[in-house]
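See below for the structure under consideration.
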Amino acid sequence: MYVAVKGGEAAILATHDLVAEARRGNEAVPELAVAQIREQMGLACARVMNEGSLYDPDLAALALKQSQGDAIEAAFLMRAYRTTLPRFGSSEPVDTAKMAIRRRVSATFKDLPGGQVLGPTYDYTHRLFDFALMDEASAPAAPNGARPSAQPLDASMPRVPDILGAEGLMEPETPPEGDPRPFDLTREPVSFPADRDVRLQAMARGDEGFMLGLGYSVQRGYGHSHPFVGEVRVGEVSVEFVPEELGFAVDLGEITLTECQMVNQFAGSKDVPPQFTRGYGLCFGHSERKAMSMSLVDRALKARDFGEATEYPAQQDEFVLYHSDNVEAAGFVEHLKLPHYVDFQGELELIRRIRKEREERLARETQALPEAAE
Amino acid sequence: MTIHQSIPGEDAKPAYNYAYLDEQTKRMIRRALLKAVAVPGYQVPFGSREMPLARGWGTGGIQITAAIIGPDDKLKVIDQGADDTTNAVSIRRFFERTADATTTEATEEATIIQTRHRIPEAPLTTGQIMVYQVPQPEPLRKLEPRELETRKMHAWAEYGLMQVKLYENIARFGEVTTTYDYPVSVNGRYVMAPSPIPKFDNPKMHMSPALQLFGAGREKRIYAVPPHTSVKSLDFDDHPFRIQSWTEPCGLCGAKDSYLDEVVLDDLGNRMFVCSDSHHCETRRDQGHRGPMLGDASTLHLVDEAKS
């Protein structure tokens with residue numbers, strides 16, 4: 001035994017203490033409460049719920065607290081917990097047409113049934129620091145007074161693709177035969193080519209940054225796409241479950257969702273007239289950037305179905321699905337920290353030997369041709 | 001030798017099943033294992049679970065061990081051949097906590113040996129199970145990134161691409177330059193990744209009396225080599241497979257036939273070579289073997305000579 005590998009156990013235990021200390025930071029500063037994170041870091045919690053594939057704002061907040069705000073580490077905590085939970089069934093499909101809307105914008109129509117609802121968005125804020133937030137007990141900012149006085153929204157907010165679909169201009173979206181229960185990629189291995197339920201599921205839990213980059217690549221020419229935001233909507237939907245022993249749906253509560261439907265061009269083919277095609281994104285919480293990126297990539301991944309070339313990364317299901325999972329990717333990238341000295345020794349031995357043999361060969365050649373040495 | 005044995009402690013979580021995985025998941029893994037044993041070298045897809053340890057850090061091996069371990073087993077965990085490397089310690093602690101496992105560092109005592117990057121130097125025996133942690137189960141992946149294609153290549157035993165790669169190595173460097181994860185042909189049928197063990201260890205897989213199981217958690221594949229199965233490292237008649245060798249013996253135990261790690265001693269180019277298999281090295285020193293640098297190492301407290 002030599003020092004380099006001795007004492008692993010004690011060293012590991014020490015890292016646990018050190019990381020706990022680092023997490024807490026300066027003890028003169030009050031500790032964050034999980035509820036504070038949940039209420040005041042809601043977008044971060046949404047990201048952790050998406051990438052952790054578990055809708056639980058409290059646990060997401062706890063995960064962020066425990067991981068010092070590291071979103072991927074927090075998603076990892078969520079997933080490692082989620083995998084131990086018993087499955088007692090699948091909910092009824094949620095109906096986003098019946099969403100209690102907080103925000104709903106369409107880029108394809110100036111006005112539409114239900115209207116445009118801006119809701120809470122950073123879109124039109126100027127990114128100037130609000131230094132008043134530096135004060136801990138800042139008084140709530142005085143409202144601008146522009147808020148419409150509790151004006152009720154329309155009860156009916158049809159989804160834009162449905163409006164286009166009524167005219168037959170939109171690619172129809174019909175469930176596969178028999179409407180089977182969607183694949184669960186956390187319980188079964190994925191095979192390729194992957195069906196759309198698998199792709200959507202993988203993207204919903206995929207890394208936001210990776211999905212954003214891929215979606216952006218589609219827009220910049222690495223994939224043929226000219227998308228319009230048919231609609232982005234954010235709000236609450238209720239989740240219903242039919243217990244076997246009851247036989248009717250029971251309301252389990254509501255969850256916040258962001259849905260994006262991207263409208264894309266399609267020139268049509270021999271059999272299909274020109275029509276618009278869909279890209280779909282659905283995420284937990286208020287996660288517009290993620291849902292939009294996802295819907296761009298969803299459309300790109302349909303390339304094969306429309307007989308388009310699949311030459312770019314965003315159009316290749318293996319590329320997207322294997323590499324969008326940030327917990328897996330982080331694990332494998334970071335495993336490079338683990339000792340590799342056995343393999344490295346093999347490489348050292350090889351390169352030393354090849355160099356030695358090369359030098360010997362060169363020396364022999366020089367001897368054989370003494371005049372060439374000049 | 002040291003026996004690590006935890007006392008079923010107050011930190012053992014009753015909420016978790018024995019060996020962490022639930023019984024349904026264990027059954028699913030065992031079914032995949034049976035299929036893998038039945039078709040040696042074939043990669044069986046399985047529903048790899050999220051584990052509380054990071055992907056790429058041995059979750060495939062951990063899931064296999066969790067699916068096969070029982071109260072009577074003795075578990076040895078090694079990484080780079082050593083029982084004391086940090087990740088081996090971490091995985092051993094995981095099974096001590098979740099399966100109340102009896103653990104050992106002695107190769108001959110172990111019934112299950114979970115490993116990363118090495119096969120122990122001591123010959124394995126009937127009844128032992130090797131569990132390999134596999135980062136990339138697909139030996140053809142570096143030649144063809146698409147899984148859709150590589151599965152077809154295996155189905156048709158279409159391994160020409162691999163032969164061409166090895167040939168190109170020889171044409172360019174005079175030898176095959178793969179030093180670890182050196183591809184093998186199992187039972188004359190499937191080309192298989194032996195996991196990143198040095199090619200030094202490849203011959204130990206051939207006709208081994210032990211059952212060899214391979215788990216790739218992130219890639220969701222399980223494969224196996226049953227006992228007494230042929231495992232041949234790919235080569236050419238005029239360029240036979242050869243393994244690494246060193247010009248000097250282990251500095252601590254004097255072994256001339258073991259895989260050696262290089263330890264850099266200073267910035268003046270001084271280094272020593274020591275067995276990567278820590279248990280093998282200790283056993284040899286206990287038997288009285290003395291390497292040329294053991295005295296120095298002892299003075300520098302690099303080794304604990306008092307340890308029996």
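Chain lettering (A, B, ...) mirrors the order of the structure tokens, residue numbering begins at 1 for each chain separately, and ligand numbering begins at 1 in order of display.
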Dump as JSON, numbers by chain the residues of chain B that approach chain A to within 7 Å, counting only C-alpha atoms. {"B": [45, 46, 47, 48, 49, 50, 51, 52, 54, 55, 56, 57, 80, 84, 85, 86, 89, 117, 146, 148, 179, 180, 198, 218, 220, 261, 262, 278, 302, 303]}
Contact residues around Gly61 of chain B with only C-alpha atoms at 7 Å, ignoring same-chain residues under 2 positions, as JSON, numbers by chain: {"B": [58, 59, 63, 64, 65, 114, 131, 132, 133, 214, 215, 216]}
With C-alpha atoms retained, write the just-selected residues as a PDB file, in the first residue's frame.
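For reference, result-v2.pdb as written:
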```pdb
ATOM      1  CA  GLY B  58     -20.135   2.012 -11.511  1.00  0.00           C
ATOM      2  CA  THR B  59     -23.942   2.020 -11.477  1.00  0.00           C
ATOM      3  CA  GLN B  63     -27.048  -2.928  -9.995  1.00  0.00           C
ATOM      4  CA  ILE B  64     -25.752  -6.390 -10.917  1.00  0.00           C
ATOM      5  CA  THR B  65     -24.161  -6.879  -7.512  1.00  0.00           C
ATOM      6  CA  GLN B 114     -16.916  -6.034  -8.253  1.00  0.00           C
ATOM      7  CA  VAL B 131     -18.826  -8.089 -11.753  1.00  0.00           C
ATOM      8  CA  TYR B 132     -17.275  -5.581 -14.128  1.00  0.00           C
ATOM      9  CA  GLN B 133     -18.208  -1.907 -14.234  1.00  0.00           C
ATOM     10  CA  PHE B 214     -20.678  -6.956 -17.094  1.00  0.00           C
ATOM     11  CA  GLY B 215     -22.940  -4.033 -16.222  1.00  0.00           C
ATOM     12  CA  ALA B 216     -23.182  -0.725 -18.076  1.00  0.00           C
TER      13      ALA B 216
END
```
I need the residue nearest Glu136 of chain A from this list: A:Arg199, A:Phe241, A:Pro30, A:Pro172. Use only C-alpha atoms for the distance.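 Result for the nearest residue to Glu136 of chain A: A:Pro30.
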Quick one: distance from atom CA of Gln116 of chain A to atom CA of Arg159 of chain A in Å, one decimal?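 Computed distance, atom CA of Gln116 of chain A to atom CA of Arg159 of chain A, equals 11.9 Å.
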Go through A:Asp70, A:Asp325, A:Glu231, A:Glu92 and flag the residue nearest Ile163 of chain A, using only C-alpha atoms for the distances.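 Closest to Ile163 of chain A, using only C-alpha atoms: A:Glu231.
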Residues of segment 167-261 of chain B in strand (DSSP E or B), written as a PyMOL selection string: chain B and resi 180+184-186+190-192+198+211-216+221-225+231-233+236+239+260-261
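Proximity to Gly251 of chain B was assessed for B:Ala210, B:Met293, B:His228, B:Leu234 counting only C-alpha atoms; the smallest distance is recorded for B:Met293.
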Please run DSSP on the backbone and report, as a PyMOL selection string, all residues within segment 40-113 of chain A that come out as alpha helix (DSSP H). chain A and resi 40+42-52+57-66+71-82
Let's have the selection written as an mmCIF file, in the first residue's frame, with N, CA and C atoms.
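out_29.cif written:
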```
data_model
loop_
_atom_site.group_PDB
_atom_site.id
_atom_site.type_symbol
_atom_site.label_atom_id
_atom_site.label_comp_id
_atom_site.auth_asym_id
_atom_site.auth_seq_id
_atom_site.Cartn_x
_atom_site.Cartn_y
_atom_site.Cartn_z
ATOM 1 N N GLN A 40 -39.357 31.796 -3.778
ATOM 2 C CA GLN A 40 -38.618 32.897 -4.387
ATOM 3 C C GLN A 40 -37.645 32.467 -5.480
ATOM 4 N N GLY A 42 -38.621 30.056 -7.829
ATOM 5 C CA GLY A 42 -39.560 29.136 -8.467
ATOM 6 C C GLY A 42 -39.090 28.620 -9.817
ATOM 7 N N LEU A 43 -38.397 29.474 -10.573
ATOM 8 C CA LEU A 43 -37.964 29.026 -11.901
ATOM 9 C C LEU A 43 -36.850 27.992 -11.774
ATOM 10 N N ALA A 44 -35.993 28.183 -10.783
ATOM 11 C CA ALA A 44 -34.946 27.182 -10.546
ATOM 12 C C ALA A 44 -35.585 25.859 -10.117
ATOM 13 N N CYS A 45 -36.597 25.936 -9.267
ATOM 14 C CA CYS A 45 -37.293 24.717 -8.820
ATOM 15 C C CYS A 45 -37.942 24.014 -10.013
ATOM 16 N N ALA A 46 -38.501 24.818 -10.932
ATOM 17 C CA ALA A 46 -39.142 24.216 -12.106
ATOM 18 C C ALA A 46 -38.122 23.448 -12.926
ATOM 19 N N ARG A 47 -36.945 24.034 -13.086
ATOM 20 C CA ARG A 47 -35.915 23.351 -13.864
ATOM 21 C C ARG A 47 -35.525 22.027 -13.201
ATOM 22 N N VAL A 48 -35.396 22.067 -11.892
ATOM 23 C CA VAL A 48 -34.999 20.851 -11.173
ATOM 24 C C VAL A 48 -36.101 19.787 -11.273
ATOM 25 N N MET A 49 -37.359 20.229 -11.218
ATOM 26 C CA MET A 49 -38.468 19.264 -11.345
ATOM 27 C C MET A 49 -38.459 18.639 -12.739
ATOM 28 N N ASN A 50 -38.204 19.455 -13.756
ATOM 29 C CA ASN A 50 -38.182 18.926 -15.123
ATOM 30 C C ASN A 50 -37.048 17.924 -15.300
ATOM 31 N N GLU A 51 -35.844 18.339 -14.934
ATOM 32 C CA GLU A 51 -34.702 17.485 -15.205
ATOM 33 C C GLU A 51 -34.621 16.334 -14.206
ATOM 34 N N GLY A 52 -35.306 16.481 -13.083
ATOM 35 C CA GLY A 52 -35.391 15.385 -12.127
ATOM 36 C C GLY A 52 -36.605 14.499 -12.375
ATOM 37 N N PRO A 57 -42.473 20.660 -5.775
ATOM 38 C CA PRO A 57 -41.741 21.907 -5.543
ATOM 39 C C PRO A 57 -40.964 21.908 -4.222
ATOM 40 N N ASP A 58 -41.493 21.246 -3.195
ATOM 41 C CA ASP A 58 -40.781 21.236 -1.913
ATOM 42 C C ASP A 58 -39.474 20.464 -2.018
ATOM 43 N N LEU A 59 -39.545 19.290 -2.648
ATOM 44 C CA LEU A 59 -38.323 18.497 -2.792
ATOM 45 C C LEU A 59 -37.338 19.189 -3.729
ATOM 46 N N ALA A 60 -37.857 19.854 -4.751
ATOM 47 C CA ALA A 60 -36.961 20.571 -5.664
ATOM 48 C C ALA A 60 -36.221 21.659 -4.900
ATOM 49 N N ALA A 61 -36.943 22.350 -4.010
ATOM 50 C CA ALA A 61 -36.311 23.398 -3.218
ATOM 51 C C ALA A 61 -35.280 22.798 -2.269
ATOM 52 N N LEU A 62 -35.632 21.670 -1.672
ATOM 53 C CA LEU A 62 -34.683 20.993 -0.779
ATOM 54 C C LEU A 62 -33.439 20.562 -1.563
ATOM 55 N N ALA A 63 -33.675 20.035 -2.767
ATOM 56 C CA ALA A 63 -32.547 19.582 -3.584
ATOM 57 C C ALA A 63 -31.623 20.750 -3.914
ATOM 58 N N LEU A 64 -32.230 21.901 -4.219
ATOM 59 C CA LEU A 64 -31.401 23.072 -4.528
ATOM 60 C C LEU A 64 -30.623 23.530 -3.301
ATOM 61 N N LYS A 65 -31.267 23.452 -2.151
ATOM 62 C CA LYS A 65 -30.578 23.850 -0.915
ATOM 63 C C LYS A 65 -29.406 22.912 -0.640
ATOM 64 N N GLN A 66 -29.680 21.629 -0.763
ATOM 65 C CA GLN A 66 -28.661 20.626 -0.454
ATOM 66 C C GLN A 66 -27.489 20.665 -1.447
ATOM 67 N N ALA A 71 -28.000 23.016 -10.298
ATOM 68 C CA ALA A 71 -29.245 22.466 -10.845
ATOM 69 C C ALA A 71 -29.102 20.985 -11.215
ATOM 70 N N ILE A 72 -27.959 20.605 -11.772
ATOM 71 C CA ILE A 72 -27.804 19.216 -12.206
ATOM 72 C C ILE A 72 -27.683 18.290 -10.999
ATOM 73 N N GLU A 73 -26.920 18.719 -10.012
ATOM 74 C CA GLU A 73 -26.806 17.921 -8.784
ATOM 75 C C GLU A 73 -28.194 17.790 -8.138
ATOM 76 N N ALA A 74 -28.971 18.872 -8.167
ATOM 77 C CA ALA A 74 -30.315 18.842 -7.585
ATOM 78 C C ALA A 74 -31.214 17.879 -8.359
ATOM 79 N N ALA A 75 -31.116 17.890 -9.697
ATOM 80 C CA ALA A 75 -31.918 16.972 -10.504
ATOM 81 C C ALA A 75 -31.523 15.524 -10.198
ATOM 82 N N PHE A 76 -30.248 15.306 -9.975
ATOM 83 C CA PHE A 76 -29.745 13.976 -9.626
ATOM 84 C C PHE A 76 -30.382 13.503 -8.314
ATOM 85 N N LEU A 77 -30.431 14.393 -7.319
ATOM 86 C CA LEU A 77 -31.059 14.039 -6.040
ATOM 87 C C LEU A 77 -32.522 13.648 -6.255
ATOM 88 N N MET A 78 -33.212 14.437 -7.073
ATOM 89 C CA MET A 78 -34.628 14.161 -7.348
ATOM 90 C C MET A 78 -34.784 12.782 -7.983
ATOM 91 N N ARG A 79 -33.950 12.494 -8.965
ATOM 92 C CA ARG A 79 -34.090 11.231 -9.690
ATOM 93 C C ARG A 79 -33.757 10.028 -8.808
ATOM 94 N N ALA A 80 -32.710 10.193 -7.998
ATOM 95 C CA ALA A 80 -32.321 9.066 -7.137
ATOM 96 C C ALA A 80 -33.421 8.778 -6.121
ATOM 97 N N TYR A 81 -34.177 9.818 -5.752
ATOM 98 C CA TYR A 81 -35.304 9.608 -4.837
ATOM 99 C C TYR A 81 -36.495 9.036 -5.604
ATOM 100 N N ARG A 82 -36.769 9.617 -6.766
ATOM 101 C CA ARG A 82 -37.912 9.217 -7.576
ATOM 102 C C ARG A 82 -37.893 7.725 -7.902
#
```
Any idea what the distance is between atom CA of Tyr190 of chain B and atom CA of Glu138 of chain B?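 Atom-to-atom, atom CA of Tyr190 of chain B and atom CA of Glu138 of chain B are spaced 11.0 Å apart.
A straight line drawn from atom CA of Gly217 of chain B to atom CA of Met205 of chain B is 21.6 Å long.
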Under the rule that only C-alpha atoms are counted, which of A:Thr125, A:Val232, A:Phe183, A:Pro243 is the nearest residue to Ala202 of chain A? A:Phe183
When you look at segment 16-29 of chain B with a cut-off of 7 Å (counting only C-alpha atoms), what residues show up, excluding the ones that are within fewer than 5 positions of it in the same chain? I need them as a ChimeraX atom specification. /B:46,64,66-67,95,98-99
Written selection (C-alpha atoms) as a CSV table (one decimal), in the first residue's frame:
```csv
chain,number,residue,atom,x,y,z
B,46,PHE,CA,-32.1,-3.7,-19.4
B,64,ILE,CA,-25.8,-6.4,-10.9
B,66,ALA,CA,-27.4,-5.7,-5.8
B,67,ALA,CA,-29.4,-8.2,-7.9
B,95,PHE,CA,-23.3,-2.4,0.2
B,98,THR,CA,-27.8,-1.3,2.2
B,99,ALA,CA,-27.1,-5.1,2.1
```
Test item: residues at most 8 Å from segment 290-302 of chain A, only C-alpha atoms, excluding those fewer than 5 positions along its chain, as a PyMOL selection string: chain A and resi 199-200+203-204+208+211-212+214-216+218+223-225+227+232+258-262+264+277-283+314-317
Contacts of Thr150 of chain B within 10 Å, only C-alpha atoms, excl. fewer than 5 positions in-chain, as a PDB file with C-alpha atoms, in the first residue's frame:
```pdb
ATOM      1  CA  GLU B 138     -20.172  -1.375 -27.376  1.00  0.00           C
ATOM      2  CA  PRO B 139     -16.756  -2.405 -28.743  1.00  0.00           C
ATOM      3  CA  LEU B 140     -17.673  -0.940 -32.125  1.00  0.00           C
ATOM      4  CA  ARG B 141     -18.787   2.455 -30.787  1.00  0.00           C
ATOM      5  CA  LEU B 143     -15.962   2.977 -35.264  1.00  0.00           C
ATOM      6  CA  GLU B 144     -19.708   3.561 -35.577  1.00  0.00           C
ATOM      7  CA  PRO B 145     -21.507   5.969 -33.227  1.00  0.00           C
ATOM      8  CA  ALA B 155     -26.413  -9.478 -35.598  1.00  0.00           C
ATOM      9  CA  TRP B 156     -24.603 -10.219 -38.842  1.00  0.00           C
ATOM     10  CA  GLU B 158     -20.021  -8.028 -39.416  1.00  0.00           C
ATOM     11  CA  TYR B 159     -16.685  -7.337 -37.733  1.00  0.00           C
TER      12      TYR B 159
END
```
